[in-house]
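For reference, the structure discussed in these notes is given below.
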Amino acid sequence: MKTGLIILAAVGFAVVLGGCQFVQTRNKLATEKEAISAQWSQVDADLQRRADLIPNLVETVKGYAKEETGVMEALANARSAMMGAKTPADKIEANNQVSNALSRLMVVVENYPNLKANENFKQLQYTLEGTENRILQSRRVYNESVQEYNTDLVVFPANIVASISGFQREEAYFKTDAASRAAPKVQF
């Protein structure tokens with residue numbers, strides 16, 4: 001009888017301990033999922049800041065480089081794509097378009113020394129550079145959050161808790177576009 005009570009108490013303790021572990025793991029996964037959303041919001045805010053700077057930059061460059069309409073159109077289209085993107089994956093794709101268009105614009109600027117000397121342009125370029133640095137940092141933190149969450153989804157025992165609780169792998173890593181890795185060509 002006494003042995004039976006000890007066994008029952010041990011089983012009860014193991015069940016309670018297992019339940020606590022389940023809840024703790026589920027809460028950790030939920031917290032990490034929420035951190036991904038928060039980090040994405042920061043990336044999104046930084047992308048929006050850059051998108052808001054683009055019209056001013058384009059208007060300043062237009063005054064000096066009227067014949068460069070192709071670059072201006074590409075930048076305007078890329079900005080429109082960014083503004084219309086709804087999901088993180090769409091925004092990441094649109095961001096790559098904006099980055100490529102901005103790179104081409106900066107190459108065009110090299111051909112206009114008067115534009116590079118313009119104080120308004122210098123200020124916009126400085127602000128854009130700071131925004132690009134913010135985006136870079138936000139992307140890094142976001143990707144780290146996604147990686148931590150995805151790693152926790154596959155390790156034991158969190159993988160069991162995740163499958164029972166319905167947690168899914170986060171696929172939207174913020175990667176650079178292959179085209180943006182190529183160095184721009186500057187011609188004088």
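All residue names refer to the structure tokens as shown: chains lettered A, B, ... in order, residues numbered from 1 in each chain, ligands numbered from 1 in order.
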
Using only C-alpha atoms, what table do you get, as a Markdown table, when you list each residue of region 111-172 of chain A with an atom no more than 12 Å from region 18-28 of chain A, its nearest pair of atoms, and their distance in Å rounded to one decimal, rows by chain then rising number?
```
| residue | atom | partner | partner_atom | distance |
| --- | --- | --- | --- | --- |
| A:Glu148 | CA | A:Lys28 | CA | 10.9 |
| A:Tyr149 | CA | A:Lys28 | CA | 9.1 |
| A:Asp152 | CA | A:Lys28 | CA | 9.0 |
| A:Leu153 | CA | A:Thr25 | CA | 10.0 |
| A:Val155 | CA | A:Thr25 | CA | 11.0 |
| A:Phe156 | CA | A:Thr25 | CA | 10.3 |
| A:Pro157 | CA | A:Thr25 | CA | 8.2 |
| A:Ala158 | CA | A:Thr25 | CA | 6.1 |
| A:Asn159 | CA | A:Thr25 | CA | 9.5 |
| A:Ile160 | CA | A:Phe22 | CA | 9.0 |
| A:Val161 | CA | A:Arg26 | CA | 6.3 |
| A:Ala162 | CA | A:Arg26 | CA | 7.1 |
| A:Ser163 | CA | A:Arg26 | CA | 10.3 |
| A:Ile164 | CA | A:Arg26 | CA | 9.6 |
| A:Ser165 | CA | A:Arg26 | CA | 7.4 |
| A:Gly166 | CA | A:Arg26 | CA | 10.1 |
| A:Phe167 | CA | A:Arg26 | CA | 9.0 |
```

Residues near Asp90 (chain A), anyone? I mean within 9 Å using only C-alpha atoms, not counting same-chain ones fewer than 6 positions away, as a PDB file with N, CA and C atoms, in the first residue's frame.
```
ATOM      1  N   ALA A  81       6.030  49.775 -55.252  1.00  0.00           N
ATOM      2  CA  ALA A  81       5.962  48.363 -54.860  1.00  0.00           C
ATOM      3  C   ALA A  81       6.128  48.221 -53.349  1.00  0.00           C
ATOM      4  N   MET A  82       7.039  49.018 -52.788  1.00  0.00           N
ATOM      5  CA  MET A  82       7.256  48.978 -51.333  1.00  0.00           C
ATOM      6  C   MET A  82       6.006  49.429 -50.586  1.00  0.00           C
ATOM      7  N   GLY A  84       2.972  49.298 -51.589  1.00  0.00           N
ATOM      8  CA  GLY A  84       1.854  48.389 -51.799  1.00  0.00           C
ATOM      9  C   GLY A  84       2.049  47.007 -51.192  1.00  0.00           C
TER      10      GLY A  84
END
```

Item to complete: Give the alpha helix (DSSP H) residues of chain A, as assigned by DSSP on the backbone, as a PyMOL selection string.
Response: chain A and resi 2-64+69-84+88-109+113-117+119-154+158-165

Worksheet entry | Residue contacts of Gln39 (chain A) (12 Å, only C-alpha atoms) excluding same-chain residues fewer than 6 positions away, as a list in words | Glu32, Lys33, Ala45, Asp46, Pro88, Ile135, Gln137, Ser138, Arg139, Arg140, Val141, Tyr142, Asn143, Glu144, Ser145, Val146, Tyr173 and Phe174 of chain A

Would you write out those residues with N, CA and C atoms, as a short mmCIF file (atom, residue, chain, number, x, y, z; two decimals), in the first residue's frame?
```
data_model
loop_
_atom_site.label_atom_id
_atom_site.label_comp_id
_atom_site.auth_asym_id
_atom_site.auth_seq_id
_atom_site.Cartn_x
_atom_site.Cartn_y
_atom_site.Cartn_z
N GLU A 32 8.90 34.38 -28.31
CA GLU A 32 9.79 34.53 -29.47
C GLU A 32 9.01 34.91 -30.72
N LYS A 33 7.84 34.33 -30.90
CA LYS A 33 7.00 34.67 -32.06
C LYS A 33 6.60 36.14 -31.98
N ALA A 45 9.12 50.04 -40.13
CA ALA A 45 9.19 51.49 -39.88
C ALA A 45 10.41 52.10 -40.56
N ASP A 46 11.54 51.41 -40.50
CA ASP A 46 12.75 51.92 -41.15
C ASP A 46 12.60 51.92 -42.68
N PRO A 88 5.52 40.41 -45.03
CA PRO A 88 6.96 40.57 -44.91
C PRO A 88 7.72 40.10 -46.16
N ILE A 135 18.17 50.43 -41.20
CA ILE A 135 17.57 49.25 -41.84
C ILE A 135 18.47 48.04 -41.66
N GLN A 137 20.65 47.42 -39.30
CA GLN A 137 20.59 46.95 -37.92
C GLN A 137 19.26 46.26 -37.61
N SER A 138 18.18 46.85 -38.08
CA SER A 138 16.85 46.26 -37.84
C SER A 138 16.73 44.90 -38.51
N ARG A 139 17.26 44.80 -39.72
CA ARG A 139 17.24 43.51 -40.43
C ARG A 139 18.03 42.46 -39.66
N ARG A 140 19.18 42.84 -39.14
CA ARG A 140 20.02 41.91 -38.40
C ARG A 140 19.28 41.39 -37.17
N VAL A 141 18.68 42.28 -36.40
CA VAL A 141 17.97 41.88 -35.19
C VAL A 141 16.75 41.02 -35.55
N TYR A 142 16.05 41.39 -36.60
CA TYR A 142 14.90 40.60 -37.06
C TYR A 142 15.34 39.19 -37.44
N ASN A 143 16.39 39.08 -38.24
CA ASN A 143 16.87 37.77 -38.66
C ASN A 143 17.33 36.93 -37.47
N GLU A 144 17.96 37.57 -36.49
CA GLU A 144 18.37 36.85 -35.29
C GLU A 144 17.14 36.32 -34.53
N SER A 145 16.09 37.11 -34.47
CA SER A 145 14.85 36.67 -33.79
C SER A 145 14.23 35.49 -34.53
N VAL A 146 14.20 35.56 -35.85
CA VAL A 146 13.65 34.46 -36.65
C VAL A 146 14.49 33.20 -36.45
N TYR A 173 13.05 35.25 -43.78
CA TYR A 173 14.33 35.86 -43.46
C TYR A 173 14.54 37.05 -44.39
N PHE A 174 15.20 38.05 -43.92
CA PHE A 174 15.47 39.25 -44.71
C PHE A 174 16.84 39.07 -45.33
#
```

Using only C-alpha atoms, which residues of region 74-187 of chain A come within 9 Å of region 53-62 of chain A, and what is the closest atom pair for each, with the distance in Å to one decimal? Give it as JSON lines, sorted by chain and residue number.
```
{"residue": "A:Leu75", "atom": "CA", "partner": "A:Ile54", "partner_atom": "CA", "distance": 7.9}
{"residue": "A:Ala76", "atom": "CA", "partner": "A:Pro55", "partner_atom": "CA", "distance": 7.9}
{"residue": "A:Arg79", "atom": "CA", "partner": "A:Ile54", "partner_atom": "CA", "distance": 7.6}
{"residue": "A:Leu102", "atom": "CA", "partner": "A:Ile54", "partner_atom": "CA", "distance": 8.7}
{"residue": "A:Leu105", "atom": "CA", "partner": "A:Val61", "partner_atom": "CA", "distance": 8.7}
{"residue": "A:Val109", "atom": "CA", "partner": "A:Val61", "partner_atom": "CA", "distance": 7.5}
{"residue": "A:Leu115", "atom": "CA", "partner": "A:Val61", "partner_atom": "CA", "distance": 7.0}
{"residue": "A:Asn118", "atom": "CA", "partner": "A:Thr60", "partner_atom": "CA", "distance": 8.9}
{"residue": "A:Asn120", "atom": "CA", "partner": "A:Thr60", "partner_atom": "CA", "distance": 7.5}
{"residue": "A:Phe121", "atom": "CA", "partner": "A:Thr60", "partner_atom": "CA", "distance": 6.4}
{"residue": "A:Leu124", "atom": "CA", "partner": "A:Leu57", "partner_atom": "CA", "distance": 6.4}
{"residue": "A:Gln125", "atom": "CA", "partner": "A:Leu57", "partner_atom": "CA", "distance": 7.8}
{"residue": "A:Thr127", "atom": "CA", "partner": "A:Leu53", "partner_atom": "CA", "distance": 8.2}
{"residue": "A:Leu128", "atom": "CA", "partner": "A:Leu53", "partner_atom": "CA", "distance": 7.0}
```

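Here the question is which of A:Gly70, A:Ala94, A:Asn114, A:Thr131 gets nearest to Asp52 (chain A) using only C-alpha atoms, and that residue is A:Thr131.
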